[in-house]
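Peer 1: What follows is a structure written as structure tokens; I'll ask about it next.
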Amino acid sequence: MKLATKLVLIFMVGVLAIVGVFSWQTMQRHRMWLATQEQYAENLAEALAPGLEQAFRSGGEIQVQRTIELTTQYLRGPSLRWMDRRELPSQATRLLSRETVHLSVSGPDGNQQLSYIPLELEGHDGAVEVRQPDRASEDVQSAWRASLISVGAVALLSAAVILVGGVRLVGKPLHQLVTQVDEIGSGKLDQKVLLKSNDELGELSMAISKMAERLQSQRETIQRETESRLQAEQQLRHADRLTTIGTLAAGVAHELGTPLNVVAGRAALIAGQKLSPEDVVQSALAIKAESERMAGIIRQLMDFARSRPGNRQACDLCSLVQSTCGLMQPLAAQHDVKLDFQCLTQQPNLIADYSQLQQVILNLVANAIQASPEGGRVDLVVNAETLSAAKEGQANQEYLRLVITDEGPGIPPENRERLFEPFFTTKDVGQGTGLGLSIAYGIVQEHGGWIDVRNGEQRGAVFCVYLPKALE
Ligand code: ADP
């Protein structure tokens with residue numbers, strides 16, 4: 001129910017109550033007046049009785065008529081008339097003796113007050129009727145009518161005034177304020193004071209515009225803080241990238257040792273000029289092959305170092321894991337760990353930032369290699385899964401799952417909860433920064449996925465990365 005309607009109803013109930021009480025009082029006053037009038041008629045009849053009897057005895061009916069005419073001149077209200085016994089109403093005849101009789105006869109217009117003064121002389125008898133005119137009930141009715149009309153008029157008038165006033169003074173300004181609050185809710189925070197009136201609505205409007213101002217400044221603060229948080233995150237990711245490059249570079253340096261030895265040995269043989277022309281060709285081909293292998297390793301490292309994040313596009317998770325494994329190969333070789341990758345899905349497509357996902361895989365695989373014993377194996381498997389509420393809050397949808405399993409010691413239960421905390425590391429100083437997993441988790445979450453960790457059946461850790469599959 002609208003505010004104006006409520007106000008009208010409350011006001012009308014009040015007005016009706018006041019007018020009702022007032023009308024009731026008026027009615028009471030009329031009733032009291034009626035009772036007085038009745039009493040007056042009775043008293044009048046009693047007072048006139050001796051005089052009329054005297055007149056009847058002295059001059060009969062004619063004398064009574066004359067007395068009635070004379071008396072009527074001085075009376076206001078009650079009327080008198082001579083009635084023969086035969087004309088008297090039955091109630092009066094029954095009651096009539098020597099005493100004056102008072103009757104209250106109900107007629108179509110309400111009760112009528114009648115008094116009969118009996119007069120009898122030598123068999124000729126009758127009575128004088130004193131009739132109180134029945135204006136009283138008429139008065140009561142007209143008082144009722146007047147009350148009803150005044151109640152109706154007051155109610156209508158006040159409803160009209162309140163409606164017009166309420167709509168103009170309350171309804172319209174409130175509607176404007178509601179629209180303004182809606183706009184604030186939808187994000188338009190540059191709001192001015194709508195109502196300049198010096199009342200509660202004006203105060204409310206002022207409070208709303210101040211609220212919008214405060215929200216605006218809070219929004220700016222949040223924006224600034226978010227920007228600086230994002231910047232800090234970028235810097236951390238960059239730092240993690242550099243750490244990964246450092247780790248990879250160590251492996252690369254180690255990996256380059258063997259081909260460099262081959263190149264140097266073959267070159268020395270050629271320089272010794274003792275080789276047959278066929279052997280020279282063989283050695284030159286070996287030098288070419290090793291140089292290309294070295295160039296490939298360095299190119300991959302350079303690619304990772306150079307790539308800029310922030311660009312999502314359709315990519316193939318299997319080929320991403322495959323190439324990342326190639327990049328990790330030198331590190332794996334350095335630790336004498338075998339990398340084994342299987343792609344078990346035909347459509348490993350997703351929309352992702354290639355470079356960011358590569359950082360995730362590099363971090364996870366580097367940890368797995370570092371945790372594995374010499375001669376160990378790290379398994380990487382990509383498959384697709386439709387997950388029905390595998391994780392609370394996630395909708396049913398198809399996910400690509402990358403499972404990285406190693407043969408290391410696994411994760412001790414006490415570290416399980418802290419694994420993804422930034423700067424949590426169990427590695428020696430200089431060996432680990434504690435950023436890898438927290439950054440990997442952040443990146444995966446930004447892609448609409450998550451990372452699960454558990455320990456393997458026998459040993460080792462199992463990291464599962466879930467990423468939403470691209471829609472076909
Ligand atoms: P960092 O590798 O620099 O320590 P991470 O965030 O990558 O930082 O890893 C945090 C910690 O998680 C590691 O110090 C290690 O204790 C643990 N961890 C990560 N991966 C593995 C794994 N595959 N096996 C056992 N422990 C792991």
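Each chain in the structure tokens gets a letter, A, B, ..., in the order shown, and its residues are numbered from 1; ligands are numbered from 1 in order too.
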What do you get as a PyMOL selection string if you pick all residues at most 7 Å from ligand 1, counting only C-alpha atoms and all ligand atoms?
Peer 2: chain A and resi 363-364+367-368+371+406+408-411+419-420+422-427+431-438+460-461
Peer 1: Please run DSSP on the backbone and report, as a list in words, all residues within region 365-447 of chain A that come out as strand (DSSP E or B).
Peer 2: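 Matching residues for strand (DSSP E or B) in region 365-447 of chain A are Arg377, Val378, Asp379, Leu380, Val381, Val382, Asn383, Ala384, Glu385, Thr386, Leu387, Gln397, Glu398, Tyr399, Leu400, Arg401, Leu402, Val403, Ile404 and Thr405 of chain A.
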Peer 1: Dump N, CA, C and O atoms for the selected residues as a PDB file, in the first residue's frame?
Peer 2:
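To be explicit, this is the file written out as selection24.pdb:
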```pdb
ATOM      1  N   ARG A 377      60.455 -40.860 -11.863  1.00  0.00           N
ATOM      2  CA  ARG A 377      59.671 -40.533 -13.057  1.00  0.00           C
ATOM      3  C   ARG A 377      58.556 -39.563 -12.671  1.00  0.00           C
ATOM      4  O   ARG A 377      57.945 -39.693 -11.592  1.00  0.00           O
ATOM      5  N   VAL A 378      58.316 -38.585 -13.557  1.00  0.00           N
ATOM      6  CA  VAL A 378      57.174 -37.672 -13.350  1.00  0.00           C
ATOM      7  C   VAL A 378      56.188 -37.932 -14.482  1.00  0.00           C
ATOM      8  O   VAL A 378      56.564 -37.848 -15.650  1.00  0.00           O
ATOM      9  N   ASP A 379      54.960 -38.299 -14.085  1.00  0.00           N
ATOM     10  CA  ASP A 379      53.935 -38.584 -15.108  1.00  0.00           C
ATOM     11  C   ASP A 379      53.030 -37.379 -15.282  1.00  0.00           C
ATOM     12  O   ASP A 379      52.559 -36.814 -14.292  1.00  0.00           O
ATOM     13  N   LEU A 380      52.802 -37.039 -16.546  1.00  0.00           N
ATOM     14  CA  LEU A 380      51.843 -35.958 -16.840  1.00  0.00           C
ATOM     15  C   LEU A 380      50.745 -36.540 -17.730  1.00  0.00           C
ATOM     16  O   LEU A 380      51.059 -37.156 -18.757  1.00  0.00           O
ATOM     17  N   VAL A 381      49.485 -36.371 -17.295  1.00  0.00           N
ATOM     18  CA  VAL A 381      48.359 -36.899 -18.075  1.00  0.00           C
ATOM     19  C   VAL A 381      47.328 -35.799 -18.253  1.00  0.00           C
ATOM     20  O   VAL A 381      46.975 -35.120 -17.277  1.00  0.00           O
ATOM     21  N   VAL A 382      46.855 -35.640 -19.490  1.00  0.00           N
ATOM     22  CA  VAL A 382      45.752 -34.689 -19.729  1.00  0.00           C
ATOM     23  C   VAL A 382      44.533 -35.494 -20.146  1.00  0.00           C
ATOM     24  O   VAL A 382      44.618 -36.316 -21.050  1.00  0.00           O
ATOM     25  N   ASN A 383      43.424 -35.298 -19.458  1.00  0.00           N
ATOM     26  CA  ASN A 383      42.161 -35.912 -19.905  1.00  0.00           C
ATOM     27  C   ASN A 383      41.017 -34.921 -19.702  1.00  0.00           C
ATOM     28  O   ASN A 383      41.199 -33.858 -19.091  1.00  0.00           O
ATOM     29  N   ALA A 384      39.857 -35.277 -20.241  1.00  0.00           N
ATOM     30  CA  ALA A 384      38.691 -34.381 -20.119  1.00  0.00           C
ATOM     31  C   ALA A 384      37.687 -35.029 -19.192  1.00  0.00           C
ATOM     32  O   ALA A 384      37.546 -36.249 -19.167  1.00  0.00           O
ATOM     33  N   GLU A 385      36.986 -34.223 -18.429  1.00  0.00           N
ATOM     34  CA  GLU A 385      36.014 -34.766 -17.471  1.00  0.00           C
ATOM     35  C   GLU A 385      34.845 -33.822 -17.348  1.00  0.00           C
ATOM     36  O   GLU A 385      35.036 -32.602 -17.287  1.00  0.00           O
ATOM     37  N   THR A 386      33.626 -34.402 -17.311  1.00  0.00           N
ATOM     38  CA  THR A 386      32.481 -33.544 -16.996  1.00  0.00           C
ATOM     39  C   THR A 386      32.257 -33.682 -15.512  1.00  0.00           C
ATOM     40  O   THR A 386      32.039 -34.784 -15.011  1.00  0.00           O
ATOM     41  N   LEU A 387      32.362 -32.593 -14.845  1.00  0.00           N
ATOM     42  CA  LEU A 387      32.274 -32.665 -13.385  1.00  0.00           C
ATOM     43  C   LEU A 387      30.927 -32.155 -12.906  1.00  0.00           C
ATOM     44  O   LEU A 387      30.518 -31.041 -13.228  1.00  0.00           O
ATOM     45  N   GLN A 397      30.201 -28.705 -15.700  1.00  0.00           N
ATOM     46  CA  GLN A 397      30.705 -28.384 -17.027  1.00  0.00           C
ATOM     47  C   GLN A 397      31.908 -29.260 -17.344  1.00  0.00           C
ATOM     48  O   GLN A 397      32.428 -29.958 -16.471  1.00  0.00           O
ATOM     49  N   GLU A 398      32.315 -29.211 -18.580  1.00  0.00           N
ATOM     50  CA  GLU A 398      33.450 -30.049 -18.974  1.00  0.00           C
ATOM     51  C   GLU A 398      34.753 -29.355 -18.615  1.00  0.00           C
ATOM     52  O   GLU A 398      34.936 -28.172 -18.922  1.00  0.00           O
ATOM     53  N   TYR A 399      35.610 -30.133 -17.976  1.00  0.00           N
ATOM     54  CA  TYR A 399      36.911 -29.587 -17.592  1.00  0.00           C
ATOM     55  C   TYR A 399      38.011 -30.418 -18.222  1.00  0.00           C
ATOM     56  O   TYR A 399      37.845 -31.616 -18.464  1.00  0.00           O
ATOM     57  N   LEU A 400      39.144 -29.748 -18.463  1.00  0.00           N
ATOM     58  CA  LEU A 400      40.342 -30.498 -18.832  1.00  0.00           C
ATOM     59  C   LEU A 400      41.127 -30.667 -17.545  1.00  0.00           C
ATOM     60  O   LEU A 400      41.208 -29.742 -16.733  1.00  0.00           O
ATOM     61  N   ARG A 401      41.664 -31.901 -17.372  1.00  0.00           N
ATOM     62  CA  ARG A 401      42.374 -32.145 -16.121  1.00  0.00           C
ATOM     63  C   ARG A 401      43.804 -32.552 -16.451  1.00  0.00           C
ATOM     64  O   ARG A 401      44.026 -33.494 -17.219  1.00  0.00           O
ATOM     65  N   LEU A 402      44.738 -31.803 -15.867  1.00  0.00           N
ATOM     66  CA  LEU A 402      46.156 -32.175 -16.013  1.00  0.00           C
ATOM     67  C   LEU A 402      46.592 -32.761 -14.682  1.00  0.00           C
ATOM     68  O   LEU A 402      46.521 -32.090 -13.649  1.00  0.00           O
ATOM     69  N   VAL A 403      47.035 -34.031 -14.703  1.00  0.00           N
ATOM     70  CA  VAL A 403      47.474 -34.692 -13.466  1.00  0.00           C
ATOM     71  C   VAL A 403      48.990 -34.859 -13.535  1.00  0.00           C
ATOM     72  O   VAL A 403      49.519 -35.427 -14.487  1.00  0.00           O
ATOM     73  N   ILE A 404      49.672 -34.321 -12.503  1.00  0.00           N
ATOM     74  CA  ILE A 404      51.135 -34.443 -12.457  1.00  0.00           C
ATOM     75  C   ILE A 404      51.477 -35.291 -11.228  1.00  0.00           C
ATOM     76  O   ILE A 404      51.178 -34.894 -10.092  1.00  0.00           O
ATOM     77  N   THR A 405      52.037 -36.443 -11.468  1.00  0.00           N
ATOM     78  CA  THR A 405      52.344 -37.375 -10.374  1.00  0.00           C
ATOM     79  C   THR A 405      53.858 -37.568 -10.297  1.00  0.00           C
ATOM     80  O   THR A 405      54.507 -37.759 -11.339  1.00  0.00           O
TER      81      THR A 405
END
```
Peer 1: Find, counting only C-alpha atoms, the residue in A:Val337, A:Ala250, A:Leu467, A:Ile297 that gets nearest to Ala352 (chain A).
Peer 2: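 Closest residue, counting only C-alpha atoms: A:Leu467.
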Peer 1: List the spatial neighbours of Glu374 (chain A) as number ranges by chain - criterion: any atom at most 10 Å away, only C-alpha atoms, same-chain residues fewer than 4 positions off excluded.
Peer 2: A: 332-338, 369-370, 407-408
Peer 1: List the spatial neighbours of region 66-72 of chain A as a PyMOL selection string - criterion: any atom at most 10 Å away, only C-alpha atoms, same-chain residues fewer than 4 positions off excluded.
Peer 2: chain A and resi 48+51-52+55-56+59+61-62+76-82+128
Peer 1: Can those selected residues be exported to a file as a compact mmCIF listing (two decimals), in the first residue's frame so that it contains all heavy atoms?
Peer 2:
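Result written to selection24.txt:
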```
# COMPACT_ATOMS: atom_id res chain seq x y z
N LEU A 48 -53.50 21.85 33.41
CA LEU A 48 -54.72 22.36 32.76
C LEU A 48 -55.98 21.65 33.26
O LEU A 48 -57.10 22.19 33.15
CB LEU A 48 -54.63 22.18 31.24
CG LEU A 48 -53.64 23.10 30.51
CD1 LEU A 48 -53.58 22.74 29.03
CD2 LEU A 48 -54.08 24.56 30.66
N GLY A 51 -58.66 23.49 35.55
CA GLY A 51 -59.29 24.61 34.82
C GLY A 51 -60.31 24.10 33.81
O GLY A 51 -61.40 24.65 33.68
N LEU A 52 -59.95 23.05 33.10
CA LEU A 52 -60.83 22.51 32.06
C LEU A 52 -62.08 21.88 32.69
O LEU A 52 -63.20 22.00 32.19
CB LEU A 52 -60.07 21.48 31.22
CG LEU A 52 -59.05 22.11 30.25
CD1 LEU A 52 -58.13 21.04 29.67
CD2 LEU A 52 -59.76 22.85 29.12
N ALA A 55 -64.34 24.61 33.58
CA ALA A 55 -65.01 25.14 32.38
C ALA A 55 -66.10 24.21 31.90
O ALA A 55 -67.19 24.65 31.50
CB ALA A 55 -63.96 25.31 31.27
N PHE A 56 -65.84 22.89 31.97
CA PHE A 56 -66.82 21.90 31.51
C PHE A 56 -68.07 21.95 32.37
O PHE A 56 -69.19 21.87 31.88
CB PHE A 56 -66.16 20.51 31.54
CG PHE A 56 -66.97 19.47 30.85
CD1 PHE A 56 -67.28 19.60 29.48
CD2 PHE A 56 -67.47 18.35 31.52
CE1 PHE A 56 -68.02 18.62 28.84
CE2 PHE A 56 -68.22 17.39 30.87
CZ PHE A 56 -68.48 17.52 29.52
N GLY A 59 -69.84 25.46 31.55
CA GLY A 59 -70.42 25.74 30.23
C GLY A 59 -70.36 24.58 29.27
O GLY A 59 -70.54 24.77 28.06
N GLU A 61 -69.27 21.57 26.82
CA GLU A 61 -68.27 21.38 25.76
C GLU A 61 -67.88 22.71 25.13
O GLU A 61 -66.73 22.97 24.82
CB GLU A 61 -68.87 20.44 24.71
CG GLU A 61 -67.85 20.03 23.67
CD GLU A 61 -68.49 19.22 22.55
OE1 GLU A 61 -69.44 18.47 22.81
OE2 GLU A 61 -68.00 19.34 21.40
N ILE A 62 -68.90 23.62 24.98
CA ILE A 62 -68.63 24.91 24.35
C ILE A 62 -67.64 25.72 25.18
O ILE A 62 -66.67 26.29 24.66
CB ILE A 62 -69.95 25.71 24.15
CG1 ILE A 62 -70.82 24.91 23.18
CG2 ILE A 62 -69.69 27.12 23.62
CD1 ILE A 62 -72.23 25.36 23.06
N ARG A 76 -46.67 27.09 23.14
CA ARG A 76 -45.80 26.86 21.99
C ARG A 76 -45.44 25.38 22.00
O ARG A 76 -44.90 24.89 22.97
CB ARG A 76 -44.52 27.70 22.10
CG ARG A 76 -44.62 28.89 21.19
CD ARG A 76 -43.27 29.54 20.98
NE ARG A 76 -43.39 30.95 21.31
CZ ARG A 76 -42.64 31.60 22.16
NH1 ARG A 76 -41.70 30.96 22.78
NH2 ARG A 76 -42.80 32.86 22.38
N GLY A 77 -45.86 24.68 21.01
CA GLY A 77 -45.54 23.25 20.97
C GLY A 77 -46.79 22.42 21.08
O GLY A 77 -47.46 22.16 20.08
N PRO A 78 -47.20 22.00 22.33
CA PRO A 78 -48.33 21.08 22.47
C PRO A 78 -49.63 21.69 21.93
O PRO A 78 -49.84 22.89 22.02
CB PRO A 78 -48.43 20.87 23.97
CG PRO A 78 -47.13 21.33 24.52
CD PRO A 78 -46.61 22.36 23.62
N SER A 79 -50.50 20.80 21.37
CA SER A 79 -51.81 21.28 20.89
C SER A 79 -52.92 20.62 21.73
O SER A 79 -52.72 19.52 22.26
CB SER A 79 -51.98 20.91 19.42
OG SER A 79 -51.94 19.51 19.29
N LEU A 80 -54.09 21.30 21.87
CA LEU A 80 -55.19 20.80 22.69
C LEU A 80 -56.42 20.65 21.81
O LEU A 80 -56.61 21.43 20.87
CB LEU A 80 -55.53 21.81 23.81
CG LEU A 80 -54.38 22.28 24.71
CD1 LEU A 80 -54.93 23.30 25.71
CD2 LEU A 80 -53.80 21.11 25.47
N ARG A 81 -57.20 19.61 22.11
CA ARG A 81 -58.48 19.53 21.39
C ARG A 81 -59.48 18.71 22.22
O ARG A 81 -59.09 17.83 23.00
CB ARG A 81 -58.31 18.94 19.99
CG ARG A 81 -57.91 17.51 19.96
CD ARG A 81 -58.08 16.94 18.56
NE ARG A 81 -57.44 15.64 18.49
CZ ARG A 81 -57.77 14.68 17.68
NH1 ARG A 81 -58.77 14.89 16.82
NH2 ARG A 81 -57.15 13.53 17.67
N TRP A 82 -60.78 19.07 22.04
CA TRP A 82 -61.87 18.34 22.74
C TRP A 82 -62.13 17.08 21.97
O TRP A 82 -62.19 17.08 20.73
CB TRP A 82 -63.12 19.23 22.83
CG TRP A 82 -64.35 18.40 23.10
CD1 TRP A 82 -65.27 17.99 22.21
CD2 TRP A 82 -64.73 17.89 24.34
NE1 TRP A 82 -66.23 17.24 22.79
CE2 TRP A 82 -65.92 17.16 24.14
CE3 TRP A 82 -64.20 17.96 25.65
CZ2 TRP A 82 -66.59 16.51 25.17
CZ3 TRP A 82 -64.89 17.31 26.65
CH2 TRP A 82 -66.06 16.58 26.43
N VAL A 128 -60.06 16.06 26.99
CA VAL A 128 -59.26 17.00 26.22
C VAL A 128 -57.91 16.32 25.96
O VAL A 128 -57.27 15.83 26.90
CB VAL A 128 -59.07 18.32 26.98
CG1 VAL A 128 -58.06 19.22 26.24
CG2 VAL A 128 -60.39 19.04 27.11
```
Peer 1: Which residue out of A:Ala239, A:Gln347, A:Glu183, A:Val281 has the minimum interatomic distance to Arg266 (chain A) when only C-alpha atoms are used?
Peer 2: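 Checking each of A:Ala239, A:Gln347, A:Glu183, A:Val281 against Arg266 (chain A), counting only C-alpha atoms, the winner is A:Val281.
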Peer 1: Compile the contact shell of region 36-40 of chain A as a list of chain:residue names: residues with an atom at most 8 Å away, counting only C-alpha atoms, same-chain residues fewer than 3 positions apart removed.
Peer 2: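 Returned residues: A:Met32, A:Trp33, A:Asn43, A:Leu44, A:Gln113, A:Gln132.
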Peer 1: Please identify all polymer residues within 9 Å of Cys325 (chain A), counting only C-alpha atoms, omitting same-chain residues fewer than 4 positions from it, and present them as a list of chain:residue names.
Peer 2: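 The residues satisfying every condition are A:Leu320, A:Val321, A:Gln329, A:Leu339, A:Asp340, A:Phe341, A:Ile361, A:Leu362, A:Val365.
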Peer 1: CA of Asp240 (chain A) and CA of Ile439 (chain A) are how many Å apart?
Peer 2: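 Straight-line distance from CA of Asp240 (chain A) to CA of Ile439 (chain A) works out to 7.9 Å.
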